[in-house]
>>> print(open('coords-v8.txt').read())   # compact mmCIF, C-alpha atoms and all ligand atoms
# COMPACT_ATOMS: atom_id res chain seq x y z
CA MET A 13 -225.46 -31.76 -43.59
CA LYS A 14 -228.87 -32.24 -42.10
CA ALA A 15 -231.72 -33.32 -44.34
CA ALA A 16 -233.94 -30.54 -43.06
CA SER A 17 -231.59 -27.89 -44.42
CA MET A 18 -231.34 -29.36 -47.89
CA ASN A 19 -233.41 -28.93 -51.00
CA ALA A 20 -234.98 -31.87 -52.68
CA HIS A 21 -233.93 -31.18 -56.24
CA GLN A 22 -236.42 -33.38 -57.99
CA SER A 23 -238.94 -36.01 -57.22
CA LEU A 24 -238.40 -39.44 -58.72
CA ALA A 25 -239.63 -39.74 -62.26
CA ILE A 26 -238.60 -43.33 -62.85
CA GLY A 27 -240.71 -46.43 -62.53
CA ARG A 28 -240.74 -48.78 -59.59
CA PRO A 29 -238.75 -52.03 -59.55
CA ILE A 30 -240.90 -54.89 -60.85
CA GLU A 31 -241.54 -56.32 -57.40
CA THR A 32 -242.85 -53.77 -54.99
CA LEU A 33 -241.18 -53.43 -51.62
CA GLU A 34 -243.94 -51.52 -49.87
CA ALA A 35 -244.85 -54.45 -47.64
CA ILE A 36 -241.35 -55.17 -46.43
CA SER A 37 -240.31 -52.52 -44.00
CA PRO A 38 -242.39 -49.46 -43.23
CA ALA A 39 -240.10 -46.70 -42.05
CA PRO A 40 -241.77 -43.40 -42.85
CA THR A 41 -239.14 -40.76 -42.20
CA GLU A 42 -238.03 -37.42 -43.63
CA PRO A 43 -239.24 -37.50 -47.24
CA ASP A 44 -236.30 -35.34 -48.35
CA ALA A 45 -233.59 -37.89 -47.70
CA MET A 46 -232.85 -40.72 -50.12
CA VAL A 47 -230.10 -42.12 -47.90
CA ARG A 48 -229.74 -41.40 -44.20
CA PHE A 49 -226.92 -42.52 -41.94
CA GLU A 50 -228.08 -42.53 -38.34
CA ALA A 51 -225.40 -42.80 -35.62
CA ILE A 52 -223.37 -45.19 -37.75
CA SER A 53 -220.17 -46.87 -36.76
CA LYS A 54 -218.46 -49.73 -38.53
CA THR A 55 -215.76 -51.81 -36.91
CA TYR A 56 -214.13 -54.71 -38.71
CA PRO A 57 -213.25 -57.29 -36.08
CA ALA A 58 -209.73 -58.53 -35.42
CA TYR A 59 -208.89 -61.39 -37.78
CA ARG A 60 -205.97 -63.85 -37.88
CA GLY A 61 -203.73 -61.76 -35.67
CA LYS A 62 -204.67 -58.49 -37.43
CA PRO A 63 -206.19 -55.87 -35.11
CA GLY A 64 -209.77 -54.70 -35.50
CA VAL A 65 -210.34 -51.52 -37.54
CA ASN A 66 -212.73 -48.68 -36.69
CA ALA A 67 -213.55 -47.82 -40.30
CA LEU A 68 -216.44 -45.39 -39.60
CA GLN A 69 -217.48 -43.51 -36.48
CA ASP A 70 -220.26 -41.06 -35.55
CA ILE A 71 -221.63 -40.91 -39.07
CA ASP A 72 -224.84 -38.88 -39.21
CA PHE A 73 -225.83 -37.31 -42.47
CA ALA A 74 -228.42 -37.43 -45.19
CA ILE A 75 -228.16 -37.59 -48.96
CA PRO A 76 -231.01 -35.56 -50.47
CA ARG A 77 -233.43 -37.30 -52.84
CA GLY A 78 -232.59 -36.47 -56.46
CA SER A 79 -229.19 -34.99 -55.56
CA ILE A 80 -225.71 -35.71 -56.82
CA THR A 81 -223.66 -35.99 -53.65
CA GLY A 82 -219.91 -36.44 -53.62
CA VAL A 83 -218.22 -38.41 -50.84
CA ILE A 84 -214.54 -37.57 -50.91
CA GLY A 85 -211.65 -38.89 -48.83
CA ARG A 86 -208.13 -40.19 -49.01
CA SER A 87 -207.35 -43.90 -49.24
CA GLY A 88 -208.56 -45.65 -46.08
CA ALA A 89 -210.93 -42.80 -45.10
CA GLY A 90 -213.88 -45.21 -45.12
CA LYS A 91 -215.53 -44.43 -48.48
CA SER A 92 -215.96 -48.03 -49.63
CA SER A 93 -217.24 -49.04 -46.21
CA LEU A 94 -219.86 -46.30 -46.50
CA VAL A 95 -220.93 -47.53 -49.94
CA ARG A 96 -221.19 -51.13 -48.76
CA LEU A 97 -223.49 -49.95 -45.97
CA ILE A 98 -225.77 -48.21 -48.49
CA ASN A 99 -226.20 -51.32 -50.63
CA GLY A 100 -226.41 -53.64 -47.65
CA LEU A 101 -223.24 -55.60 -48.42
CA GLU A 102 -222.05 -54.72 -44.91
CA LYS A 103 -224.02 -54.23 -41.71
CA PRO A 104 -223.20 -51.29 -39.44
CA THR A 105 -221.76 -52.09 -36.03
CA THR A 106 -224.09 -49.48 -34.55
CA GLY A 107 -226.83 -47.30 -36.06
CA ARG A 108 -229.13 -47.60 -39.07
CA VAL A 109 -228.85 -46.87 -42.78
CA ILE A 110 -232.15 -45.76 -44.25
CA VAL A 111 -232.39 -46.00 -48.05
CA ASP A 112 -235.55 -44.72 -49.71
CA ASN A 113 -237.37 -44.86 -46.39
CA ARG A 114 -236.33 -48.43 -45.62
CA ASP A 115 -233.85 -49.58 -43.02
CA ILE A 116 -231.53 -51.54 -45.30
CA SER A 117 -229.31 -52.50 -42.38
CA ALA A 118 -232.19 -54.54 -40.96
CA LEU A 119 -232.87 -56.53 -44.15
CA ALA A 120 -231.53 -59.94 -45.05
CA GLY A 121 -232.06 -62.70 -47.62
CA ARG A 122 -234.74 -62.15 -50.24
CA GLU A 123 -235.84 -58.83 -48.76
CA LEU A 124 -232.31 -57.50 -49.03
CA ARG A 125 -231.91 -58.77 -52.60
CA LEU A 126 -235.15 -57.03 -53.59
CA ALA A 127 -234.04 -53.78 -51.96
CA GLN A 128 -230.67 -54.03 -53.73
CA ARG A 129 -232.46 -53.93 -57.09
CA SER A 130 -233.29 -50.30 -56.40
CA ILE A 131 -229.62 -49.49 -55.75
CA GLY A 132 -227.39 -49.53 -58.84
CA MET A 133 -223.62 -49.49 -58.67
CA ILE A 134 -220.79 -48.66 -61.05
CA PHE A 135 -217.13 -49.46 -60.44
CA GLN A 136 -213.66 -48.20 -61.26
CA HIS A 137 -212.80 -51.33 -63.26
CA PHE A 138 -216.29 -51.72 -64.73
CA ASN A 139 -216.69 -55.37 -63.51
CA LEU A 140 -218.13 -56.60 -66.82
CA LEU A 141 -218.32 -60.27 -67.72
CA SER A 142 -215.80 -60.80 -70.52
CA SER A 143 -217.79 -63.76 -71.89
CA ARG A 144 -220.89 -61.63 -72.50
CA THR A 145 -221.54 -58.93 -75.05
CA ALA A 146 -222.51 -55.40 -74.03
CA ALA A 147 -226.16 -56.41 -74.39
CA GLY A 148 -225.55 -59.63 -72.43
CA ASN A 149 -223.95 -57.74 -69.56
CA ILE A 150 -226.82 -55.26 -69.39
CA ALA A 151 -229.35 -58.10 -69.52
CA LEU A 152 -227.82 -59.92 -66.54
CA PRO A 153 -229.63 -58.13 -63.67
CA LEU A 154 -232.89 -58.37 -65.62
CA GLU A 155 -232.44 -62.14 -66.05
CA ILE A 156 -231.80 -62.45 -62.33
CA ALA A 157 -234.90 -60.36 -61.64
CA GLY A 158 -236.96 -62.77 -63.78
CA TRP A 159 -237.90 -60.48 -66.66
CA THR A 160 -239.25 -62.13 -69.86
CA LYS A 161 -236.97 -62.40 -72.89
CA ALA A 162 -239.05 -59.91 -74.85
CA ASP A 163 -239.01 -57.35 -72.03
CA ILE A 164 -235.25 -57.79 -71.58
CA LYS A 165 -234.63 -57.23 -75.30
CA ALA A 166 -236.65 -54.02 -75.32
CA ARG A 167 -235.12 -52.71 -72.08
CA VAL A 168 -231.55 -53.47 -73.18
CA ALA A 169 -232.08 -51.60 -76.47
CA GLU A 170 -233.49 -48.65 -74.53
CA LEU A 171 -230.53 -48.64 -72.12
CA LEU A 172 -227.90 -48.92 -74.85
CA ALA A 173 -229.49 -45.88 -76.52
CA LEU A 174 -229.66 -44.01 -73.20
CA VAL A 175 -225.92 -44.37 -72.62
CA GLY A 176 -225.07 -43.58 -76.25
CA ILE A 177 -223.71 -46.94 -77.49
CA ALA A 178 -226.65 -48.44 -79.40
CA ASP A 179 -224.18 -49.60 -82.05
CA LYS A 180 -222.17 -51.68 -79.53
CA HIS A 181 -224.95 -54.17 -78.79
CA ASP A 182 -222.95 -57.22 -79.88
CA ARG A 183 -219.48 -56.11 -78.83
CA TYR A 184 -217.54 -57.91 -76.13
CA PRO A 185 -215.80 -55.90 -73.37
CA SER A 186 -212.41 -56.59 -74.97
CA GLU A 187 -213.65 -54.75 -78.07
CA LEU A 188 -214.70 -51.63 -76.15
CA SER A 189 -212.78 -48.57 -74.93
CA GLY A 190 -212.71 -47.70 -71.21
CA GLY A 191 -215.41 -45.08 -71.65
CA GLN A 192 -217.62 -47.49 -73.62
CA LYS A 193 -217.14 -50.18 -70.95
CA GLN A 194 -218.23 -47.71 -68.28
CA ARG A 195 -221.30 -46.85 -70.39
CA VAL A 196 -222.17 -50.56 -70.37
CA GLY A 197 -221.61 -50.56 -66.59
CA ILE A 198 -223.95 -47.57 -66.21
CA ALA A 199 -226.62 -49.19 -68.41
CA ARG A 200 -226.39 -52.39 -66.37
CA ALA A 201 -226.64 -50.44 -63.11
CA LEU A 202 -229.78 -48.65 -64.36
CA ALA A 203 -231.42 -51.78 -65.80
CA THR A 204 -233.80 -52.43 -62.90
CA ARG A 205 -234.71 -48.75 -62.60
CA PRO A 206 -232.92 -48.01 -59.33
CA SER A 207 -233.66 -44.93 -57.29
CA VAL A 208 -230.01 -44.63 -56.19
CA LEU A 209 -226.85 -44.99 -58.27
CA LEU A 210 -223.60 -45.54 -56.37
CA SER A 211 -220.48 -44.60 -58.29
CA ASP A 212 -217.32 -45.99 -56.67
CA GLU A 213 -214.37 -44.21 -58.31
CA ALA A 214 -216.12 -44.80 -61.65
CA THR A 215 -213.91 -42.42 -63.59
CA SER A 216 -210.59 -43.07 -61.85
CA ALA A 217 -209.36 -45.37 -64.63
CA LEU A 218 -210.37 -42.99 -67.45
CA ASP A 219 -208.52 -40.17 -69.19
CA PRO A 220 -209.71 -36.60 -68.51
CA GLN A 221 -211.72 -36.28 -71.73
CA THR A 222 -213.53 -39.59 -71.20
CA THR A 223 -214.05 -38.69 -67.54
CA ARG A 224 -215.75 -35.49 -68.65
CA ALA A 225 -218.05 -37.42 -71.03
CA ILE A 226 -218.99 -39.99 -68.37
CA LEU A 227 -219.66 -37.26 -65.79
CA ASP A 228 -221.86 -35.45 -68.34
CA LEU A 229 -223.75 -38.70 -68.91
CA LEU A 230 -224.28 -39.12 -65.16
CA ALA A 231 -225.52 -35.52 -64.92
CA ASN A 232 -228.04 -36.24 -67.72
CA ILE A 233 -229.21 -39.41 -66.00
CA ASN A 234 -229.72 -37.50 -62.76
CA ARG A 235 -231.63 -34.77 -64.58
CA GLU A 236 -233.73 -36.97 -66.87
CA LEU A 237 -234.46 -39.91 -64.56
CA GLY A 238 -234.26 -38.24 -61.17
CA VAL A 239 -231.89 -40.93 -59.91
CA THR A 240 -229.99 -39.91 -56.77
CA ILE A 241 -226.26 -40.27 -57.43
CA VAL A 242 -223.66 -40.90 -54.73
CA LEU A 243 -220.19 -40.24 -56.08
CA ILE A 244 -217.38 -41.87 -54.15
CA THR A 245 -214.07 -40.34 -55.16
CA HIS A 246 -210.66 -39.20 -54.03
CA GLU A 247 -210.65 -36.44 -56.68
CA MET A 248 -212.06 -33.01 -55.94
CA SER A 249 -212.16 -32.31 -59.69
CA VAL A 250 -214.86 -34.98 -60.03
CA VAL A 251 -216.87 -33.45 -57.18
CA ARG A 252 -216.43 -30.02 -58.75
CA GLN A 253 -217.69 -31.15 -62.16
CA LEU A 254 -220.73 -33.06 -61.02
CA ALA A 255 -221.83 -32.77 -57.40
CA ARG A 256 -224.01 -30.20 -55.65
CA GLU A 257 -223.42 -31.57 -52.17
CA VAL A 258 -220.20 -32.94 -50.75
CA VAL A 259 -219.26 -34.94 -47.68
CA VAL A 260 -215.58 -35.02 -46.71
CA LEU A 261 -214.46 -38.17 -44.89
CA ASP A 262 -211.21 -38.51 -42.98
CA GLY A 263 -210.17 -41.29 -40.64
CA GLY A 264 -213.70 -42.70 -40.59
CA HIS A 265 -215.30 -39.36 -39.58
CA VAL A 266 -217.27 -36.80 -41.57
CA VAL A 267 -215.05 -33.76 -41.15
CA GLU A 268 -217.00 -31.37 -43.34
CA SER A 269 -220.15 -31.40 -45.46
CA GLY A 270 -222.42 -29.04 -47.32
CA HIS A 271 -223.05 -27.37 -50.65
CA VAL A 272 -220.08 -27.76 -52.99
CA ALA A 273 -219.87 -24.03 -53.70
CA ASP A 274 -219.81 -23.26 -49.95
CA ILE A 275 -217.11 -25.82 -49.30
CA PHE A 276 -215.06 -24.55 -52.22
CA THR A 277 -215.21 -20.97 -51.03
CA HIS A 278 -214.89 -21.61 -47.28
CA PRO A 279 -213.11 -24.92 -46.69
CA LYS A 280 -212.62 -25.34 -42.96
CA HIS A 281 -210.86 -28.63 -42.42
CA PRO A 282 -207.21 -29.00 -43.48
CA ILE A 283 -208.02 -32.17 -45.46
CA THR A 284 -210.64 -30.25 -47.48
CA GLN A 285 -208.16 -27.44 -48.02
CA SER A 286 -205.61 -29.90 -49.32
CA PHE A 287 -208.16 -31.44 -51.73
CA LEU A 288 -209.03 -27.98 -52.98
CA ALA A 289 -205.41 -26.98 -53.39
CA GLU A 290 -205.17 -29.81 -55.91
CA VAL A 291 -207.91 -28.41 -58.10
CA ILE A 292 -208.28 -24.68 -57.77
CA GLY A 293 -205.06 -23.41 -58.86
CA ASP A 294 -202.91 -22.75 -56.00
CA SER A 295 -200.83 -22.36 -59.10
CA LEU A 296 -200.13 -18.73 -59.79
CA PRO A 297 -199.12 -17.58 -63.26
CA VAL A 298 -195.40 -18.35 -63.64
CA SER A 299 -194.63 -14.72 -64.36
CA LEU A 300 -196.11 -13.77 -60.98
CA ALA A 301 -194.85 -16.74 -58.94
CA SER A 302 -191.28 -16.19 -60.12
CA ARG A 303 -191.35 -12.57 -58.84
CA MET A 304 -192.81 -13.35 -55.40
CA THR A 305 -190.79 -12.81 -52.28
CA SER A 306 -191.55 -13.49 -48.62
CA GLU A 307 -190.42 -10.01 -47.51
CA PRO A 308 -191.92 -6.65 -48.58
CA SER A 309 -189.81 -4.23 -50.59
CA ALA A 310 -190.09 -0.45 -50.70
CA GLY A 311 -192.72 0.62 -53.25
CA GLY A 312 -193.84 -3.00 -53.84
CA GLN A 313 -197.20 -4.70 -53.36
CA ALA A 314 -198.50 -7.35 -51.01
CA VAL A 315 -200.06 -10.28 -52.88
CA ILE A 316 -203.42 -11.36 -51.46
CA ARG A 317 -205.62 -14.17 -52.70
CA VAL A 318 -209.37 -13.82 -52.23
CA GLN A 319 -211.98 -16.55 -52.72
CA VAL A 320 -215.02 -15.17 -54.55
CA ARG A 321 -218.44 -16.51 -55.39
CA GLY A 322 -221.39 -15.52 -57.59
CA ALA A 323 -221.54 -13.99 -61.07
CA GLY A 324 -219.67 -10.70 -61.10
CA ALA A 325 -218.35 -11.13 -57.54
CA GLY A 326 -214.78 -10.83 -58.76
CA ASP A 327 -215.32 -7.42 -60.39
CA THR A 328 -217.33 -6.22 -57.42
CA VAL A 329 -214.74 -7.00 -54.80
CA VAL A 330 -211.98 -5.18 -56.67
CA ALA A 331 -214.16 -2.12 -57.33
CA ARG A 332 -215.50 -1.92 -53.75
CA LEU A 333 -212.09 -2.43 -52.16
CA ALA A 334 -210.65 0.35 -54.25
CA ARG A 335 -213.57 2.66 -53.47
CA ASP A 336 -214.02 1.92 -49.75
CA LEU A 337 -210.33 1.91 -48.84
CA GLY A 338 -209.10 4.36 -51.45
CA LEU A 339 -206.46 1.90 -52.61
CA ASP A 340 -205.00 1.44 -56.04
CA VAL A 341 -205.72 -2.32 -56.10
CA ALA A 342 -204.11 -4.32 -58.92
CA LEU A 343 -205.75 -7.50 -60.25
CA LEU A 344 -202.74 -9.79 -60.77
CA SER A 345 -204.60 -12.96 -61.75
CA ALA A 346 -208.09 -14.42 -61.62
CA ARG A 347 -209.70 -17.77 -62.05
CA ILE A 348 -213.46 -18.32 -62.01
CA ASP A 349 -215.10 -21.75 -62.47
CA GLU A 350 -218.66 -22.96 -62.38
CA ILE A 351 -218.90 -25.24 -59.36
CA GLY A 352 -222.08 -26.79 -58.00
CA GLY A 353 -224.03 -24.49 -60.36
CA GLN A 354 -222.38 -21.32 -59.02
CA HIS A 355 -219.49 -19.13 -60.11
CA VAL A 356 -216.63 -19.77 -57.72
CA GLY A 357 -213.02 -18.76 -58.00
CA SER A 358 -210.08 -16.86 -56.68
CA LEU A 359 -208.56 -13.46 -57.40
CA THR A 360 -204.96 -12.58 -56.75
CA LEU A 361 -204.67 -8.92 -55.82
CA GLY A 362 -201.69 -6.60 -55.52
CA ILE A 363 -202.09 -4.17 -52.60
CA PRO A 364 -199.73 -1.19 -52.55
CA GLY A 365 -199.14 1.02 -49.52
CA GLY A 366 -197.33 -1.09 -46.97
CA GLU A 367 -198.45 -3.02 -43.92
CA ASP A 368 -201.22 -0.64 -42.93
CA ALA A 369 -202.96 -1.05 -46.32
CA VAL A 370 -202.65 -4.84 -46.09
CA THR A 371 -204.16 -4.90 -42.59
CA ARG A 372 -207.05 -2.69 -43.69
CA THR A 373 -207.63 -4.83 -46.80
CA LEU A 374 -207.69 -8.12 -44.86
CA ALA A 375 -210.03 -6.58 -42.26
CA TRP A 376 -212.36 -5.28 -44.99
CA LEU A 377 -212.42 -8.70 -46.71
CA SER A 378 -213.11 -10.50 -43.47
CA GLN A 379 -215.87 -8.03 -42.58
CA HIS A 380 -217.49 -8.71 -45.97
CA GLN A 381 -217.27 -12.51 -45.52
CA PHE A 382 -214.51 -13.17 -48.04
CA SER A 383 -211.84 -15.82 -47.31
CA ALA A 384 -208.45 -14.27 -48.01
CA GLU A 385 -204.80 -14.99 -47.39
CA ARG A 386 -201.53 -13.18 -47.89
CA LEU A 387 -199.28 -15.09 -50.30
CA GLY A 388 -196.22 -12.86 -50.26
CA TYR A 389 -194.93 -9.72 -51.98
CA VAL A 390 -193.87 -8.47 -55.39
CA ALA A 391 -191.60 -5.57 -56.11
N1 LIG A 401 -213.29 -56.17 -44.87
C1 LIG A 401 -212.43 -55.47 -44.11
N2 LIG A 401 -211.81 -56.05 -43.06
C2 LIG A 401 -210.96 -55.35 -42.28
N3 LIG A 401 -210.67 -54.04 -42.47
C3 LIG A 401 -211.24 -53.43 -43.51
C4 LIG A 401 -212.14 -54.10 -44.39
N4 LIG A 401 -212.55 -53.23 -45.33
C5 LIG A 401 -211.92 -52.05 -45.06
N5 LIG A 401 -211.15 -52.17 -43.96
C6 LIG A 401 -210.34 -51.10 -43.32
O1 LIG A 401 -211.22 -50.05 -43.01
C7 LIG A 401 -210.63 -48.77 -43.27
C8 LIG A 401 -211.48 -48.02 -44.28
O2 LIG A 401 -211.39 -48.72 -45.51
P1 LIG A 401 -212.26 -48.35 -46.80
O3 LIG A 401 -211.95 -49.35 -47.86
O4 LIG A 401 -213.67 -48.16 -46.41
O5 LIG A 401 -211.61 -46.93 -47.17
P2 LIG A 401 -211.60 -46.16 -48.58
O6 LIG A 401 -211.73 -44.72 -48.24
O7 LIG A 401 -212.61 -46.73 -49.48
O8 LIG A 401 -210.15 -46.46 -49.11
P3 LIG A 401 -209.67 -46.69 -50.63
O9 LIG A 401 -209.87 -45.39 -51.34
O10 LIG A 401 -208.22 -47.06 -50.47
O11 LIG A 401 -210.50 -47.80 -51.18
C9 LIG A 401 -209.22 -49.07 -43.76
O12 LIG A 401 -208.37 -48.98 -42.64
C10 LIG A 401 -209.30 -50.50 -44.26
O13 LIG A 401 -208.07 -51.15 -44.14
>>> encode(input="coords-v8.txt", output="structure tokens")
Amino acid sequence: MKAASMNAHQSLAIGRPIETLEAISPAPTEPDAMVRFEAISKTYPAYRGKPGVNALQDIDFAIPRGSITGVIGRSGAGKSSLVRLINGLEKPTTGRVIVDNRDISALAGRELRLAQRSIGMIFQHFNLLSSRTAAGNIALPLEIAGWTKADIKARVAELLALVGIADKHDRYPSELSGGQKQRVGIARALATRPSVLLSDEATSALDPQTTRAILDLLANINRELGVTIVLITHEMSVVRQLAREVVVLDGGHVVESGHVADIFTHPKHPITQSFLAEVIGDSLPVSLASRMTSEPSAGGQAVIRVQVRGAGAGDTVVARLARDLGLDVALLSARIDEIGGQHVGSLTLGIPGGEDAVTRTLAWLSQHQFSAERLGYVA
């Protein structure tokens, strides 16, 4: 995913952090990218008899300003290492990490702490202080940044309202639900008006309904404040609900990246395919799955699944196939979702007429840029 090929969705509408960073590190680069990894590798050195680990290698990609970008990978793929490079908690072994036009990997001490104020972070287990109320937790970064008491009070009230828990001002974390705790975490992360929000598995500990609500909140924050959101997750369903761009990490490498709708319709790498299989129903309707066989039967149909994209694409492919090939195509099942702002889904078609019809159908689909696979046969 090169910055030059991406759209900047929005320009930043939020205010600057209270101390300006302009003087620190001039690095005027592509204005489109909020975060840019340049030739990054990260090796953790051998330690107490444990071997060194190459956690990230050959990482070169950009996260567009104003975007919501998902970074997905299995455990150990290198996601957390990537996040810690963005917020400067780790230094790369080679390469540079440019955040908002500054080389964060070159900063240290006070300069780094100032830069970190423009990078908010939310966590799987919320990381709230149990001894502080919701308001007290949100106030913490503002106290550290030296805001006045009056300014903190006003900002905390504004943030509590923004995340929809104005009534929880005086509640302690132990008195809040998981979703409410994450709202406090989000408010705290936004307190110093960051330009980037890093979400590290922020919904992994939440039930599906609460996950949905938190992802909606993040989408609103992105839309209203223009904050760039980097979503670290091992769940494709989270990427599907929220992200426009996705980067797939495996074994410390970027194995695939691009627009979510493109990746969902044309996944190339086996790891991406396996993530997708978890979310877009490889599950066929039971009534169909129970009738499927691996061998054709006389007078039966071949079952073909086709990935489709765009409003009405599903209807179009069935109608055009039938017309162009003169086949009596049956629509056995269909599933269309809205992913990355586009309609994306899969159709399961029944193709009568034996092997010749199947070959012609697969050739036609390939010629018209549809991904398709033969699943089996039904009588
Ligand atoms: N501080 C460290 N010291 C040594 N090795 C580390 C350190 N942090 C991570 N690693 C190793 O680097 C590799 C990538 O780990 P990382 O935590 O970045 O992956 P991840 O995708 O976030 O995994 P998970 O989803 O399990 O958190 C793993 O092999 C891990 O054991």
>>> residues_near_ligand(input="coords-v8.txt", ligand="ligand LIG 401 (chain A)", cutoff="8 Å", atoms="only C-alpha atoms and all ligand atoms", output="PyMOL selection string")
chain A and resi 55-59+64-68+85-94+245-246+261+263-264
>>> residues_around(input="coords-v8.txt", residues="stretch 225-242 of chain A", least_positions_apart="2", cutoff="6 Å", atoms="only C-alpha atoms", output="PDB file with C-alpha atoms, in the coordinates of the input")
ATOM      1  CA  LEU A  24    -238.400 -39.440 -58.720  1.00  0.00           C
ATOM      2  CA  ALA A  25    -239.630 -39.740 -62.260  1.00  0.00           C
ATOM      3  CA  ILE A  26    -238.600 -43.330 -62.850  1.00  0.00           C
ATOM      4  CA  ARG A  77    -233.430 -37.300 -52.840  1.00  0.00           C
ATOM      5  CA  GLY A  78    -232.590 -36.470 -56.460  1.00  0.00           C
ATOM      6  CA  SER A  79    -229.190 -34.990 -55.560  1.00  0.00           C
ATOM      7  CA  ILE A  80    -225.710 -35.710 -56.820  1.00  0.00           C
ATOM      8  CA  THR A  81    -223.660 -35.990 -53.650  1.00  0.00           C
ATOM      9  CA  GLY A  82    -219.910 -36.440 -53.620  1.00  0.00           C
ATOM     10  CA  SER A 207    -233.660 -44.930 -57.290  1.00  0.00           C
ATOM     11  CA  VAL A 208    -230.010 -44.630 -56.190  1.00  0.00           C
ATOM     12  CA  LEU A 209    -226.850 -44.990 -58.270  1.00  0.00           C
ATOM     13  CA  LEU A 210    -223.600 -45.540 -56.370  1.00  0.00           C
ATOM     14  CA  THR A 222    -213.530 -39.590 -71.200  1.00  0.00           C
ATOM     15  CA  THR A 223    -214.050 -38.690 -67.540  1.00  0.00           C
TER      16      THR A 223
END
>>> atom_distance(input="coords-v8.txt", atom1="atom CA of A:Ser130", atom2="atom CA of A:Glu213")
20.0 Å
>>> atom_distance(input="coords-v8.txt", atom1="atom CA of A:Met304", atom2="atom CA of A:Leu339")
20.7 Å
>>> closest_atom_pairs(input="coords-v8.txt", of="stretch 39-140 of chain A", to="stretch 147-161 of chain A", cutoff="10 Å", atoms="all atoms listed in the file", output="JSON lines")
{"residue": "A:Arg125", "atom": "CA", "partner": "A:Ala157", "partner_atom": "CA", "distance": 9.7}
{"residue": "A:Leu126", "atom": "CA", "partner": "A:Ala157", "partner_atom": "CA", "distance": 8.7}
{"residue": "A:Arg129", "atom": "CA", "partner": "A:Ala157", "partner_atom": "CA", "distance": 8.2}
{"residue": "A:Asn139", "atom": "CA", "partner": "A:Asn149", "partner_atom": "CA", "distance": 9.7}
{"residue": "A:Leu140", "atom": "CA", "partner": "A:Asn149", "partner_atom": "CA", "distance": 6.5}
>>> write_last_selection(input="coords-v8.txt", atoms="C-alpha atoms", output="PDB file, in the frame of the given file")
ATOM      1  CA  ARG A 125    -231.910 -58.770 -52.600  1.00  0.00           C
ATOM      2  CA  LEU A 126    -235.150 -57.030 -53.590  1.00  0.00           C
ATOM      3  CA  ARG A 129    -232.460 -53.930 -57.090  1.00  0.00           C
ATOM      4  CA  ASN A 139    -216.690 -55.370 -63.510  1.00  0.00           C
ATOM      5  CA  LEU A 140    -218.130 -56.600 -66.820  1.00  0.00           C
TER       6      LEU A 140
END
>>> atom_distance(input="coords-v8.txt", atom1="atom CA of A:Gly352", atom2="atom CA of A:Val272")
5.5 Å
>>> closest_residue(input="coords-v8.txt", among="A:Gly191, A:Gly132, A:Gly176, A:Gly362", to="A:Ser211", atoms="only C-alpha atoms")
A:Gly132
>>> closest_residue(input="coords-v8.txt", among="A:Lys54, A:Arg183, A:His265, A:His380", to="A:Pro104", atoms="all atoms listed in the file")
A:Lys54
>>> residues_around(input="coords-v8.txt", residues="A:Ala323", least_positions_apart="6", cutoff="10 Å", atoms="only C-alpha atoms", output="ChimeraX atom specification")
/A:348,350,354-356
>>> residues_around(input="coords-v8.txt", residues="A:His271", least_positions_apart="5", cutoff="7 Å", atoms="only C-alpha atoms", output="number ranges by chain")
A: 256-258
>>> write_last_selection(input="coords-v8.txt", atoms="C-alpha atoms", output="JSON list (two decimals), keeping the file's coordinate frame")
[["chain", "number", "residue", "atom", "x", "y", "z"],
["A", 256, "ARG", "CA", -224.01, -30.20, -55.65],
["A", 257, "GLU", "CA", -223.42, -31.57, -52.17],
["A", 258, "VAL", "CA", -220.20, -32.94, -50.75]]
>>> residues_around(input="coords-v8.txt", residues="A:Arg303", least_positions_apart="4", cutoff="9 Å", atoms="all atoms listed in the file", output="list in words")
Val298, Ser299, Tyr389, Val390 and Ala391 of chain A
>>> closest_residue(input="coords-v8.txt", among="A:Arg122, A:His281, A:Arg167, A:Arg108", to="A:Val259", atoms="only C-alpha atoms")
A:His281
>>> residues_around(input="coords-v8.txt", residues="stretch 376-379 of chain A", least_positions_apart="4", cutoff="9 Å", atoms="all atoms listed in the file", output="PyMOL selection string")
chain A and resi 318+329+333+336-337+371-372+383-384
>>> residues_near_point(input="coords-v8.txt", point="(-222.4, -46.3, -66.3)", cutoff="9 Å", atoms="all atoms listed in the file", output="VMD selection string")
chain A and resid 133 to 135 138 175 191 to 202 211 214 226 229 to 230
